[in-house]
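A quick write-up on the structure given underneath.
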Amino acid sequence: MEAVNVFLAWSVLILLGNLEPLIVAKLVLVNKGINTERGQITYVTENELQFNTSKERNSCKVEVVINEPATQRVGKLTPQVFDCHFLPNEVRYIHNGCPLLKEDTVILRVYRFTSLETIVETFVIYVKIRNSSSSLVEFGHIPLEVPHFFGLSQPIDRSILSFRYNGFAKICTVRIVSSESQFPAVGQLIAEDPKTQQSEDEQVPIKLNKGSKEIHDLKISCEEFLEMGLRYQHISPPSPDKDYISIQVEIIDKKSRFQQQAENVWIPVKIKGAIPNVKPQAAFMAMFILEIDEFILTPLTTVILDAIDEETQKQRLVFNITKPPPLGYITHLEDQSKAIRSFTWQDLYDTKVAFQPSNISHSERQNYEVEFQAIDSFFMNSLPISVHFSVRNAVMDAPRVAWNMGLDLLEGQSRPITWQSLQIVDNDNLHSVQLLVVEGLNHGWLTVQGKKGFKFGVKELRNGVVRYHHDDSDTTKDDIVFRIYDGKHSVRHKFPINILPKDDSPPFLVNNLVLELEEGDCALIENHILMAADFDSNDDYILYKISKPPSAGELIKQQLPDGSGTSVSSFFQRDLFRGLIYYHHFGDEVFQDSFEFILADSQEPPNLSDPQNVMIHIMPVKDHLPEAVPGTIRHLVVKETEIALITKNHLHFTDAESPDNQILYTVTKACFSPTSPGLYDAGRLIFTDNVKKYMKNSPPHVLSSFTQHAISHLKVAYMPPFVEMGPDLLFVQFEFSVSDQQGGMRTGLIFNITVMPVDDEAPEIFTNQLKTAEGGHSFITAEHLMVTDLDTKTSDIKIELKKSPLHGHIKLHGDIMLEGEKFTLWDLHSSNVWYQHDSTETLEDRVMFLATDGFNTADGMLIIQERYL
């Protein structure tokens, strides 16, 4: 398959070299390709793609060519049009998860615009695909399997696959994307009623049983996906022995609802009784000869070129042009001004593919051999299919279009229609040929010699005085249909115009709903409440510039889930999408608020919207709530081997209407570590009444509620985790609410605890025998000398040479080590330490090492087995 991909890449290069004019000023400065993981999104940076253009606004645009089915086969580069100086996280390649290819290609065109001309350069980005290093899906040992044609697989459950995510603070969803990926190719996914399953011995076409339904597009939780009894049903023999089910897995943060990770995955399906996929082949009924009149655009049809494949429907076959014609080019009739490198069988069948002969006339018939390859839906290529193109000299008096390159221009620009872009031939009276506009010009107008016109001759065309003017509307295509006549004969011809968008319109609001929250609360501004869009630029970089801030509260940006946040006067839309923007009410008796903002895009200078308003409705709550005493730090520092009391300096709330014994703290979320979400034991709150001394090895009663009176009298303490916590600080939090006797309550409060590590564990040293040749040397690696220490960082561990070998030396960085000298684990792992034998005829040598973490030590003997040369 890799060889096929290389061949495809070379063929694309050949086509580019054959069809595109040589650009003296190379626009593509850096093109290092894209390295992506299967099923993942990879953002393109200036390290991979860079252009040799100025940063002047709208001077340079890049367009992804999308009508090439032999490119972007397992992924997609977005957006389709972007600025040459694109922003970070703007241009991305999304791999669809297909496991069949290790490479992909993307064809792009870069346009440099000046006031007089448009320079176009076409280039290819190569995509290398590697397996995902942190896949969200783990496949089981049992494959998904269909026992025979028309059969049903076993249910998709945890024996087939499982999902890797932390369910504590994350939401995992699965989206079935069969309609987007066109997989399964020879089957379908159904939700099967287990009471009406078909017999395994029944090998006939089956209909859906009562209670079963076909599944095309569905989004459900990962757990539901594994429990709903989904099965693969084979429906289309003959078929390859493998098929795939395409899904998209998404991990979302529960609080912010921000997507943290996404992956496209293809679930393989094994079809018993089927044979491996067979490559397509040329259809024997096709003629493989195309007769062409010079200058005349001639369609290719399935009578001329065709292929067959038993396992792939013809509509899904793709043809790749592996040997293009030496003169002229193959094009798609949607835009006949540009050459194509590939096309679908359906386009061929619908006569949308044609050959444009050269604009050079020849006295003799010209014969070319053009080669194609058919590609099936599993990306297997046929052998080369040759088609003979025969271009004959045609003697006729009617005018004809010999060359049609269309126009490329920036939105709002004008360009001359020159002889290089539109050439007319006429055997007997070319000087009499006139061109009359009969259709088109939907988004612009023509001028002839500076005045609006709709009719001109070949002389004006040659002199470059015919000019197309775009009306500056948000359009990407226009065309002109000419009636070309010489006084006796006439033809109709379509002249395409490609318009690249420029960023000249401001962002606009899509969602703007009333924000509701309780008095004194902090509410997340979610994207269903407030969201903007921009037709011309990346929505992530839309800037909300606050022109009138709220009066009863403030807008804050909260980077950490339980942090305090900072007040902001502007924010990007990507901050909204990531759940970082909140409105915080000050708690005063004001129940209506609002803020005004202006939307700005990323252009210089930016395009600005009209002022917009967000309305905020505050719901009143009980006025007298428990209040935190000023100076209370709500933070505790404790050693991992100790138990610390929570005092009034750490936690102290008061209420004018309630005594301390009626102020109740309720733990709404027990001790947890926000930085180590998978930690099982993050410590516990305990009650110390009538207990003289608590030991960590005696599990106490865990507190779920307590009063301010208990804190004031030193009855509440925190006990760190029982297990050794390692060398790093442990950050612990517990969430609580505080309420009074009258029902006033504050919720969602956080208490922070920092647990300090204590180095009370000695390192452990393990050795494995080292073998070396007489007089030779051998590297001492972690395979021979391994040191572990649960409560010390590896960078703090040192290994001392306690006793040197008798028949050789220990060398560090090439220098002989003396007893008492030390090296690090990094030296060990980097092959900087080795044993050098002194050629003495011995069978064994010994070295004593001492490992230390600065406080504790452990020694170990390394035995060196020597062998004669």
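Numbering starts fresh at 1 for the residues of each chain in the structure tokens, the chains themselves are lettered A, B, ... in the order given, and ligands are numbered from 1 as they appear.
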
Nearby residues (only C-alpha atoms) at most 6 Å from segment 549-556 of chain A, same-chain spacing under 4 positions excluded, as a PyMOL selection string: chain A and resi 565-568+581-586+594-595

Emit the selected residues as a CSV table (one decimal), in the first residue's frame, including all heavy atoms.
chain,number,residue,atom,x,y,z
A,565,GLY,N,-10.4,33.5,39.6
A,565,GLY,CA,-10.6,34.2,38.3
A,565,GLY,C,-10.2,35.7,38.4
A,565,GLY,O,-10.0,36.3,39.5
A,566,THR,N,-10.0,36.3,37.2
A,566,THR,CA,-9.6,37.7,37.1
A,566,THR,C,-10.6,38.5,36.3
A,566,THR,O,-11.1,38.0,35.3
A,566,THR,CB,-8.2,37.8,36.5
A,566,THR,OG1,-8.2,37.2,35.2
A,566,THR,CG2,-7.1,37.2,37.4
A,567,SER,N,-10.8,39.7,36.7
A,567,SER,CA,-11.7,40.6,35.9
A,567,SER,C,-11.2,40.9,34.6
A,567,SER,O,-10.0,41.1,34.4
A,567,SER,CB,-12.0,41.9,36.7
A,567,SER,OG,-12.9,42.7,36.0
A,568,VAL,N,-12.0,40.9,33.5
A,568,VAL,CA,-11.6,41.1,32.2
A,568,VAL,C,-12.4,42.2,31.5
A,568,VAL,O,-13.6,42.4,31.8
A,568,VAL,CB,-11.6,39.9,31.3
A,568,VAL,CG1,-10.6,38.8,31.8
A,568,VAL,CG2,-13.0,39.2,31.3
A,581,ILE,N,-15.3,32.0,30.8
A,581,ILE,CA,-15.8,33.3,31.0
A,581,ILE,C,-17.1,33.2,31.9
A,581,ILE,O,-18.0,32.5,31.6
A,581,ILE,CB,-16.2,34.0,29.7
A,581,ILE,CG1,-14.9,34.1,28.8
A,581,ILE,CG2,-16.7,35.4,29.9
A,581,ILE,CD1,-13.7,34.8,29.4
A,582,TYR,N,-17.1,34.0,33.0
A,582,TYR,CA,-18.2,33.9,34.0
A,582,TYR,C,-18.6,35.4,34.2
A,582,TYR,O,-17.9,36.3,34.1
A,582,TYR,CB,-17.7,33.3,35.3
A,582,TYR,CG,-17.4,31.9,35.2
A,582,TYR,CD1,-16.2,31.4,34.7
A,582,TYR,CD2,-18.2,30.9,35.8
A,582,TYR,CE1,-15.9,30.1,34.7
A,582,TYR,CE2,-17.9,29.6,35.8
A,582,TYR,CZ,-16.8,29.2,35.2
A,582,TYR,OH,-16.5,27.8,35.2
A,583,TYR,N,-19.9,35.5,34.6
A,583,TYR,CA,-20.4,36.7,35.2
A,583,TYR,C,-20.6,36.5,36.7
A,583,TYR,O,-21.2,35.5,37.1
A,583,TYR,CB,-21.8,37.1,34.6
A,583,TYR,CG,-22.4,38.2,35.3
A,583,TYR,CD1,-22.1,39.5,35.1
A,583,TYR,CD2,-23.4,38.0,36.3
A,583,TYR,CE1,-22.7,40.6,35.8
A,583,TYR,CE2,-24.0,39.0,37.0
A,583,TYR,CZ,-23.6,40.3,36.7
A,583,TYR,OH,-24.2,41.3,37.4
A,584,HIS,N,-19.9,37.4,37.5
A,584,HIS,CA,-20.0,37.3,38.9
A,584,HIS,C,-20.8,38.5,39.4
A,584,HIS,O,-20.5,39.7,39.2
A,584,HIS,CB,-18.6,37.4,39.5
A,584,HIS,CG,-18.6,37.5,41.0
A,584,HIS,ND1,-17.8,38.5,41.6
A,584,HIS,CD2,-19.2,36.8,42.0
A,584,HIS,CE1,-18.0,38.4,42.9
A,584,HIS,NE2,-18.8,37.4,43.2
A,585,HIS,N,-21.9,38.2,40.2
A,585,HIS,CA,-22.7,39.2,40.8
A,585,HIS,C,-22.2,39.6,42.1
A,585,HIS,O,-21.8,38.8,42.9
A,585,HIS,CB,-24.2,38.7,40.9
A,585,HIS,CG,-25.1,39.8,41.4
A,585,HIS,ND1,-25.7,39.7,42.7
A,585,HIS,CD2,-25.5,40.9,40.9
A,585,HIS,CE1,-26.5,40.7,42.8
A,585,HIS,NE2,-26.4,41.5,41.8
A,586,PHE,N,-22.1,40.9,42.4
A,586,PHE,CA,-21.5,41.4,43.6
A,586,PHE,C,-22.3,41.1,44.9
A,586,PHE,O,-21.8,41.2,46.0
A,586,PHE,CB,-21.2,42.9,43.6
A,586,PHE,CG,-20.2,43.3,42.6
A,586,PHE,CD1,-20.3,44.5,41.8
A,586,PHE,CD2,-19.0,42.5,42.4
A,586,PHE,CE1,-19.4,44.8,40.9
A,586,PHE,CE2,-18.1,42.9,41.5
A,586,PHE,CZ,-18.2,44.0,40.7
A,594,SER,N,-26.6,44.4,32.9
A,594,SER,CA,-26.3,44.2,31.5
A,594,SER,C,-24.9,44.6,31.2
A,594,SER,O,-24.3,45.3,32.0
A,594,SER,CB,-27.3,45.0,30.6
A,594,SER,OG,-27.1,46.4,30.7
A,595,PHE,N,-24.3,44.2,30.1
A,595,PHE,CA,-23.1,44.8,29.6
A,595,PHE,C,-23.1,44.9,28.1
A,595,PHE,O,-23.8,44.2,27.4
A,595,PHE,CB,-21.9,43.9,30.1
A,595,PHE,CG,-21.8,42.5,29.5
A,595,PHE,CD1,-21.2,42.2,28.4
A,595,PHE,CD2,-22.4,41.5,30.3
A,595,PHE,CE1,-21.1,40.9,27.9
A,595,PHE,CE2,-22.4,40.2,29.8
A,595,PHE,CZ,-21.7,39.9,28.6

Neighbour list for segment 718-728 of chain A as a PyMOL selection string, cut-off 7 Å, only C-alpha atoms, skip fewer than 5 positions in-chain: chain A and resi 640+643-645+681-686+696+757+790-793

Hey, can you spit out that residue selection with C-alpha atoms as a tab-separated table (two decimals), in the first residue's frame?
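Here's the written file selection.tsv:
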chain	number	residue	atom	x	y	z
A	640	GLU	CA	2.10	13.68	54.95
A	643	ILE	CA	-2.50	15.28	61.26
A	644	ALA	CA	-3.39	19.01	61.22
A	645	LEU	CA	-6.18	20.83	63.04
A	681	ASP	CA	-7.29	8.29	48.64
A	682	ALA	CA	-6.90	12.07	49.05
A	683	GLY	CA	-7.18	12.08	52.86
A	684	ARG	CA	-10.19	12.75	55.08
A	685	LEU	CA	-11.69	15.12	57.61
A	686	ILE	CA	-11.87	13.66	61.16
A	696	LYS	CA	-2.51	7.30	60.57
A	757	PRO	CA	6.03	15.04	51.14
A	790	LEU	CA	8.88	6.10	46.18
A	791	ASP	CA	9.35	9.49	47.83
A	792	THR	CA	12.28	10.93	45.91
A	793	LYS	CA	12.44	12.44	42.44

Members of segment 679-803 of chain A assigned helix (DSSP H, G or I) by DSSP, as a list of chain:residue names: A:Gln708, A:His709, A:Ala710, A:Ile711, A:Ser712, A:Thr794, A:Ser795, A:Asp796

Strand (DSSP E) call set, DSSP backbone run, segment 554-714 of chain A, as a PyMOL selection string: chain A and resi 554-557+566-567+570-572+581-585+592-600+612-619+627-628+635-639+644-645+653-654+664-672+684-687+705-707

Contact residues around Ser342 of chain A with only C-alpha atoms at 6 Å, ignoring same-chain residues under 3 positions, as a list in words: Glu68, Ala70, Phe319, Asn320 and Ile321 of chain A

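Counting only C-alpha atoms and comparing A:Gln836, A:Phe672, A:Ile156, A:Ser256, the residue that lies closest to Met228 of chain A is A:Ile156.
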
All residues 7 Å or closer to Asp655 of chain A, only C-alpha atoms, same chain fewer than 4 positions away omitted, as JSON, numbers by chain: {"A": [625, 626, 627]}

Spatial neighbours of Pro69 of chain A, max dist 10 Å, only C-alpha atoms, sep filter under 5 positions, as number ranges by chain: A: 317-320, 340-344, 375

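As for atom CA of Ser382 of chain A and atom CA of Tyr368 of chain A, they are spaced 20.8 Å apart.
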